>>> print(open('work_11.cif').read())   # mmCIF, C-alpha atoms
data_entry
#
loop_
_atom_site.label_atom_id
_atom_site.label_comp_id
_atom_site.auth_asym_id
_atom_site.auth_seq_id
_atom_site.Cartn_x
_atom_site.Cartn_y
_atom_site.Cartn_z
CA MET P 1 -57.18 -35.04 39.05
CA ILE P 2 -59.46 -32.18 40.11
CA VAL P 3 -56.44 -30.15 41.20
CA ALA P 4 -54.81 -30.82 37.84
CA LEU P 5 -57.95 -29.70 36.02
CA ILE P 6 -58.19 -26.50 38.05
CA PHE P 7 -54.52 -25.83 37.38
CA LEU P 8 -55.03 -26.45 33.67
CA LYS P 9 -58.00 -24.11 33.66
CA ILE P 10 -55.94 -21.35 35.27
CA ILE P 11 -53.25 -21.82 32.62
CA VAL P 12 -55.85 -21.75 29.85
CA ILE P 13 -57.49 -18.58 31.19
CA ARG P 14 -54.16 -16.85 31.74
CA GLY P 15 -52.73 -18.14 28.50
CA HIS P 16 -55.61 -16.71 26.57
CA ASN P 17 -55.51 -13.29 28.12
CA ASN P 18 -52.43 -13.04 30.38
CA MET P 19 -54.33 -10.82 32.80
CA TYR P 20 -56.97 -11.49 35.41
CA LEU P 21 -59.00 -9.10 37.52
CA ASN P 22 -60.43 -9.22 41.02
CA PHE P 23 -63.13 -6.79 42.02
CA GLU P 24 -63.91 -5.48 45.48
CA LYS P 25 -66.52 -2.94 46.53
CA ILE P 26 -66.06 -0.59 49.48
CA ASP P 27 -69.02 1.76 50.03
CA ASP P 28 -69.50 3.64 46.78
CA LYS P 29 -66.06 2.70 45.41
CA LEU P 30 -65.04 -0.09 43.09
CA ILE P 31 -61.54 -1.47 43.54
CA VAL P 32 -60.07 -3.49 40.69
CA HIS P 33 -56.96 -5.54 41.38
CA LEU P 34 -55.10 -6.05 38.11
CA ASN P 35 -52.89 -9.14 37.91
CA GLY P 36 -50.62 -10.04 35.02
CA GLU P 37 -49.53 -8.27 31.86
CA LEU P 38 -51.40 -5.22 30.57
CA ASP P 39 -50.75 -4.75 26.86
CA HIS P 40 -52.80 -4.12 23.73
CA HIS P 41 -53.87 -7.77 23.72
CA SER P 42 -55.28 -7.83 27.26
CA ALA P 43 -56.46 -4.18 27.32
CA GLN P 44 -59.68 -4.81 25.41
CA GLU P 45 -61.00 -7.35 27.87
CA VAL P 46 -59.79 -5.35 30.87
CA ARG P 47 -61.69 -2.25 29.78
CA ASN P 48 -64.83 -4.23 28.92
CA ARG P 49 -64.90 -6.01 32.27
CA ILE P 50 -64.29 -2.83 34.29
CA ASP P 51 -66.89 -0.84 32.31
CA ASP P 52 -69.41 -3.67 32.73
CA ARG P 53 -68.95 -3.67 36.47
CA LEU P 54 -69.11 0.13 36.75
CA GLU P 55 -72.32 0.26 34.74
CA ARG P 56 -73.98 -2.70 36.39
CA GLU P 57 -73.36 -1.41 39.90
CA LYS P 58 -73.71 2.27 38.99
CA ILE P 59 -70.36 3.14 40.56
CA LYS P 60 -68.66 6.48 39.98
CA LYS P 61 -65.41 6.01 41.91
CA LEU P 62 -62.80 3.60 40.63
CA ILE P 63 -59.55 2.58 42.35
CA MET P 64 -57.15 0.66 40.10
CA ASP P 65 -54.59 -1.48 41.93
CA PHE P 66 -51.40 -2.08 39.95
CA SER P 67 -49.51 -4.09 42.58
CA GLY P 68 -50.00 -7.32 40.59
CA VAL P 69 -49.10 -5.86 37.19
CA THR P 70 -45.90 -7.55 36.02
CA PHE P 71 -45.70 -5.74 32.67
CA MET P 72 -47.36 -2.73 31.09
CA ASP P 73 -46.79 -0.76 27.90
CA SER P 74 -48.53 2.42 26.74
CA SER P 75 -51.77 0.47 26.21
CA GLY P 76 -52.23 0.83 29.99
CA ILE P 77 -52.38 4.63 29.70
CA GLY P 78 -55.35 4.31 27.36
CA VAL P 79 -57.11 1.96 29.77
CA VAL P 80 -56.77 4.35 32.74
CA ILE P 81 -57.50 7.55 30.80
CA GLY P 82 -60.42 5.90 29.03
CA ARG P 83 -62.04 5.04 32.40
CA TYR P 84 -61.28 8.57 33.64
CA LYS P 85 -63.06 10.09 30.63
CA LYS P 86 -66.12 7.91 31.09
CA LEU P 87 -66.43 8.46 34.83
CA SER P 88 -65.53 12.15 34.96
CA ALA P 89 -68.23 12.87 32.37
CA ASN P 90 -70.71 11.80 35.09
CA GLY P 91 -68.97 13.47 38.01
CA GLY P 92 -66.95 10.36 38.90
CA LYS P 93 -63.28 9.81 39.71
CA VAL P 94 -60.41 7.42 39.02
CA CYS P 95 -57.18 6.89 40.92
CA VAL P 96 -54.32 4.39 40.74
CA VAL P 97 -52.57 2.67 43.64
CA ASN P 98 -49.31 0.73 44.13
CA VAL P 99 -47.73 1.72 40.81
CA LYS P 100 -44.05 0.75 40.68
CA GLY P 101 -40.98 0.66 38.44
CA THR P 102 -41.37 0.72 34.67
CA VAL P 103 -45.17 0.95 34.95
CA ASN P 104 -44.73 4.19 36.89
CA LYS P 105 -42.24 5.47 34.29
CA VAL P 106 -44.77 4.86 31.51
CA PHE P 107 -47.50 6.74 33.40
CA GLU P 108 -45.14 9.62 34.23
CA LEU P 109 -44.14 10.01 30.58
CA SER P 110 -47.75 10.40 29.52
CA GLY P 111 -48.43 13.28 31.92
CA MET P 112 -51.33 11.23 33.27
CA TYR P 113 -50.61 12.22 36.88
CA LYS P 114 -51.71 15.78 36.09
CA ILE P 115 -55.30 14.53 36.06
CA ILE P 116 -55.20 11.21 37.92
CA SER P 117 -53.94 10.77 41.49
CA SER P 118 -51.57 7.97 42.46
CA TYR P 119 -51.45 6.56 46.00
CA ASN P 120 -49.05 4.19 47.75
CA SER P 121 -51.70 2.48 49.86
CA PHE P 122 -55.35 1.47 49.69
CA GLU P 123 -56.09 3.39 52.83
CA GLN P 124 -54.92 6.61 51.22
CA ALA P 125 -56.76 5.82 48.00
CA VAL P 126 -60.04 4.92 49.71
CA ASN P 127 -59.90 7.99 51.96
CA ASN P 128 -58.91 10.48 49.29
CA ILE P 129 -60.74 9.54 46.13
CA MET A 1 -15.68 -9.15 20.45
CA TYR A 2 -18.79 -11.08 21.47
CA GLN A 3 -21.39 -11.31 18.73
CA ASN A 4 -24.69 -13.06 18.29
CA MET A 5 -27.87 -12.70 16.28
CA MET A 6 -31.39 -14.09 15.94
CA LYS A 7 -34.38 -13.81 13.63
CA LEU A 8 -38.03 -14.28 14.41
CA GLU A 9 -41.15 -14.15 12.24
CA PHE A 10 -44.73 -14.36 13.44
CA LEU A 11 -48.30 -13.59 12.43
CA SER A 12 -49.67 -10.14 13.27
CA VAL A 13 -52.12 -11.25 15.97
CA SER A 14 -52.20 -9.62 19.37
CA GLU A 15 -51.52 -12.94 21.13
CA ASN A 16 -47.97 -12.65 19.77
CA GLU A 17 -47.19 -9.33 21.50
CA GLY A 18 -46.32 -11.12 24.74
CA PHE A 19 -44.43 -13.85 22.90
CA ALA A 20 -42.32 -11.33 20.95
CA ARG A 21 -41.21 -9.24 23.94
CA VAL A 22 -40.42 -12.32 26.05
CA ALA A 23 -38.41 -13.88 23.20
CA VAL A 24 -36.35 -10.70 22.71
CA ALA A 25 -35.86 -10.36 26.48
CA ALA A 26 -34.60 -13.96 26.64
CA PHE A 27 -32.13 -13.23 23.82
CA ALA A 28 -30.97 -10.01 25.54
CA ALA A 29 -30.46 -11.88 28.83
CA GLN A 30 -27.02 -13.08 27.68
CA LEU A 31 -25.80 -9.48 28.12
CA ASP A 32 -26.53 -9.87 31.83
CA PRO A 33 -28.84 -6.85 32.00
CA THR A 34 -30.44 -5.52 35.17
CA LEU A 35 -34.14 -6.17 35.73
CA GLU A 36 -34.80 -2.55 34.82
CA GLU A 37 -32.90 -2.84 31.53
CA ILE A 38 -34.82 -6.01 30.63
CA SER A 39 -38.08 -4.30 31.49
CA ASP A 40 -37.13 -1.29 29.31
CA ILE A 41 -36.38 -3.58 26.34
CA LYS A 42 -39.62 -5.55 26.78
CA THR A 43 -41.67 -2.37 26.92
CA ALA A 44 -40.03 -0.84 23.81
CA VAL A 45 -40.41 -4.10 21.82
CA SER A 46 -44.04 -4.38 22.88
CA GLU A 47 -44.72 -0.86 21.57
CA ALA A 48 -43.10 -1.51 18.19
CA VAL A 49 -44.79 -4.90 17.73
CA THR A 50 -48.19 -3.47 18.74
CA ASN A 51 -47.74 -0.65 16.20
CA ALA A 52 -47.00 -3.20 13.48
CA ILE A 53 -50.13 -5.19 14.38
CA ILE A 54 -52.59 -2.31 14.87
CA HIS A 55 -51.31 0.31 12.46
CA GLY A 56 -49.15 -1.57 9.94
CA TYR A 57 -51.59 -4.36 9.21
CA SER A 58 -54.75 -2.80 10.71
CA ASN A 59 -57.02 -5.81 10.93
CA ASN A 60 -55.39 -7.77 8.15
CA LYS A 61 -52.99 -10.60 8.79
CA GLY A 62 -49.36 -10.20 7.89
CA ILE A 63 -45.92 -11.18 9.06
CA VAL A 64 -44.00 -9.22 11.67
CA LYS A 65 -40.27 -9.78 11.57
CA ILE A 66 -37.76 -9.23 14.36
CA GLU A 67 -34.01 -9.37 13.90
CA ALA A 68 -31.81 -8.84 16.92
CA GLU A 69 -28.07 -8.48 17.04
CA ILE A 70 -25.65 -8.36 19.92
CA ASN A 71 -22.34 -6.61 19.48
CA LYS A 72 -20.21 -6.53 22.60
CA ASN A 73 -22.55 -4.98 25.19
CA GLN A 74 -25.00 -3.44 22.75
CA ILE A 75 -28.26 -4.88 21.46
CA LYS A 76 -29.87 -3.79 18.21
CA ILE A 77 -33.46 -4.89 17.59
CA VAL A 78 -35.04 -4.38 14.18
CA ILE A 79 -38.82 -4.81 14.02
CA SER A 80 -40.39 -4.66 10.59
CA ASP A 81 -43.72 -5.15 8.89
CA LYS A 82 -44.87 -5.05 5.28
CA GLY A 83 -48.07 -3.19 6.13
CA LYS A 84 -49.44 0.10 4.99
CA GLY A 85 -46.57 2.28 6.26
CA ILE A 86 -46.61 5.63 8.03
CA GLU A 87 -47.39 8.67 5.93
CA ASN A 88 -45.67 11.20 8.18
CA VAL A 89 -43.09 9.64 10.51
CA GLN A 90 -42.32 12.91 12.28
CA LEU A 91 -45.97 13.44 13.12
CA ALA A 92 -46.41 9.83 14.23
CA MET A 93 -43.46 10.16 16.63
CA GLN A 94 -44.90 13.18 18.40
CA PRO A 95 -46.08 12.48 21.94
CA LEU A 96 -49.85 11.98 22.23
CA TYR A 97 -50.36 11.74 18.45
CA THR A 98 -52.51 8.80 17.44
CA SER A 99 -53.92 7.96 14.03
CA ARG A 100 -56.55 5.81 15.74
CA PRO A 101 -58.32 7.88 18.43
CA ASP A 102 -61.19 5.39 18.14
CA LEU A 103 -59.07 2.71 19.80
CA GLU A 104 -58.35 4.44 23.14
CA ARG A 105 -54.67 4.54 22.21
CA SER A 106 -52.54 7.08 24.06
CA GLY A 107 -50.20 8.07 21.24
CA MET A 108 -47.21 7.44 23.51
CA GLY A 109 -45.70 4.42 21.76
CA PHE A 110 -42.71 6.13 20.11
CA THR A 111 -42.12 8.32 23.17
CA VAL A 112 -41.89 5.16 25.31
CA MET A 113 -39.44 3.59 22.81
CA GLU A 114 -37.29 6.74 22.79
CA THR A 115 -37.27 6.96 26.58
CA PHE A 116 -36.43 3.33 27.23
CA MET A 117 -33.85 2.80 24.48
CA ASP A 118 -30.68 4.74 23.63
CA ASP A 119 -31.59 5.19 19.98
CA VAL A 120 -34.73 4.73 17.88
CA LYS A 121 -34.86 4.93 14.09
CA VAL A 122 -38.03 4.67 12.03
CA GLU A 123 -38.08 4.08 8.31
CA SER A 124 -41.38 3.87 6.53
CA GLU A 125 -42.77 4.02 3.06
CA ARG A 126 -46.43 4.30 2.25
CA GLY A 127 -47.72 0.92 1.10
CA ASN A 128 -44.42 -0.75 1.78
CA GLY A 129 -44.26 -1.18 5.53
CA THR A 130 -42.33 0.17 8.49
CA THR A 131 -39.00 -0.71 10.04
CA VAL A 132 -38.20 0.34 13.60
CA THR A 133 -34.63 -0.01 14.88
CA LEU A 134 -34.09 0.02 18.63
CA ILE A 135 -30.58 0.21 20.13
CA LYS A 136 -29.54 -0.11 23.75
CA THR A 137 -26.16 -0.47 25.42
CA ILE A 138 -26.34 -2.64 28.52
CA GLY A 139 -24.47 -1.75 31.70
CA GLN A 140 -23.84 1.90 30.91
#
>>> encode(input="work_11.cif", output="structure tokens")
Amino acid sequence: MIVALIFLKIIVIRGHNNMYLNFEKIDDKLIVHLNGELDHHSAQEVRNRIDDRLEREKIKKLIMDFSGVTFMDSSGIGVVIGRYKKLSANGGKVCVVNVKGTVNKVFELSGMYKIISSYNSFEQAVNNI
Amino acid sequence: MYQNMMKLEFLSVSENEGFARVAVAAFAAQLDPTLEEISDIKTAVSEAVTNAIIHGYSNNKGIVKIEAEINKNQIKIVISDKGKGIENVQLAMQPLYTSRPDLERSGMGFTVMETFMDDVKVESERGNGTTVTLIKTIGQ
């Protein structure tokens, strides 16, 4: 029964927003693991939750992990560039990690990599940001 | 020649963006596309549907219509709204142009559609809505 309720809750949460986030802090860096589909519908909550966390913990370095992103359209560009604008205004930085396939194609198209670094591993991201 | 078609109508709420792209992808699956081709179609449909919801209807509710047609190994997807229309289609299709800089939009929607599909046509009339036609041949 409890298992069923937990399962139902997961479906409800995911059904409502189709994306969930896990946060991790390493030294002065915030890592956000994005899981699910990043589109216009989920983007609003994603940006609010990341901005909340950055402000609350006064963090200036953000690492965005895309390994769990199963779909992304151009709304994702706005989410990354929006965080970059906010953080870089205060001397902060943003990078992305584990970006694959179509998601990578969308980022490449936008020219985003001219201002935001992309890494293939956390180690690289944590050491270089 | 193999032929098929489908029609879909839904309310212009953002919850339906995921529904619309998954429905079109499921319809396109009968062409036996690669994962990359399916992903391209989903992304392009998501862009067009999002445009209809954010720009076509702004915050009002309206109906977004999708008609998809399969002819042999080609899929044609027509996404239309009866919203406010695009004043200058050429300008709207330019990379990085956005009419809503307040929304953190990248202005890359049409560029994504053009990159991921073989052909993109946009017809729009002010006050009378927008129709986007996306065409892709599978297994090229």
>>> interface_residues(input="work_11.cif", of="chain P", to="chain A", cutoff="12 Å", atoms="all atoms listed in the file", output="VMD selection string")
chain P and resid 14 to 19 36 to 44 47 70 to 86 100 to 112
>>> resolve_selection(input="work_11.cif", expression="the PyMOL selection byres ((chain A and resi 125) around 12)", output="list in words")
Gly56, Ser80, Asp81, Lys82, Gly83, Lys84, Gly85, Ile86, Glu87, Asn88, Val89, Val122, Glu123, Ser124, Arg126, Gly127, Asn128, Gly129, Thr130 and Thr131 of chain A
>>> closest_residue(input="work_11.cif", among="P:His33, P:Lys93, P:Lys60, P:Lys114", to="Val46 in chain P", atoms="all atoms listed in the file")
P:His33
>>> resolve_selection(input="work_11.cif", expression="the PyMOL selection byres ((chain A and resi 68) around 6)", output="PyMOL selection string")
chain A and resi 5-6+67+69+76-77
>>> atom_distance(input="work_11.cif", atom1="CA of Val126 in chain P", atom2="CA of Phe23 in chain P")
14.3 Å
>>> residues_around(input="work_11.cif", residues="Leu54 in chain P", least_positions_apart="5", cutoff="10 Å", atoms="only C-alpha atoms", output="VMD selection string")
chain P and resid 29 to 30 48 to 49 59 to 62 83 87
>>> residues_around(input="work_11.cif", residues="Leu8 in chain A", least_positions_apart="2", cutoff="10 Å", atoms="all atoms listed in the file", output="list in words")
Met6, Phe10, Ala20, Ala23, Val24, Val64, Lys65, Ile66, Glu67, Ala68 and Ile79 of chain A
>>> atom_distance(input="work_11.cif", atom1="CA of Asn22 in chain P", atom2="CA of Val49 in chain A")
28.4 Å
>>> closest_residue(input="work_11.cif", among="P:Ile63, P:Val69, P:Val99, P:Ile50", to="Ala125 in chain P", atoms="only C-alpha atoms")
P:Ile63
>>> residues_around(input="work_11.cif", residues="Thr137 in chain A", least_positions_apart="5", cutoff="9 Å", atoms="all atoms listed in the file", output="list in words")
Lys72, Asn73, Gln74, Ile75, Lys76, Met117 and Asp118 of chain A
>>> closest_residue(input="work_11.cif", among="A:Ala26, A:Gly62, A:Pro33, A:Ile41", to="Glu9 in chain A", atoms="all atoms listed in the file")
A:Gly62
>>> atom_distance(input="work_11.cif", atom1="CA of Leu21 in chain P", atom2="CA of Leu34 in chain P")
5.0 Å
>>> closest_residue(input="work_11.cif", among="P:Ser118, P:Ile129, P:Gly92, P:Tyr20", to="Glu45 in chain P", atoms="all atoms listed in the file")
P:Tyr20
>>> closest_residue(input="work_11.cif", among="A:Val22, A:Met1, A:Ile70, A:Leu11", to="Ile138 in chain A", atoms="only C-alpha atoms")
A:Ile70
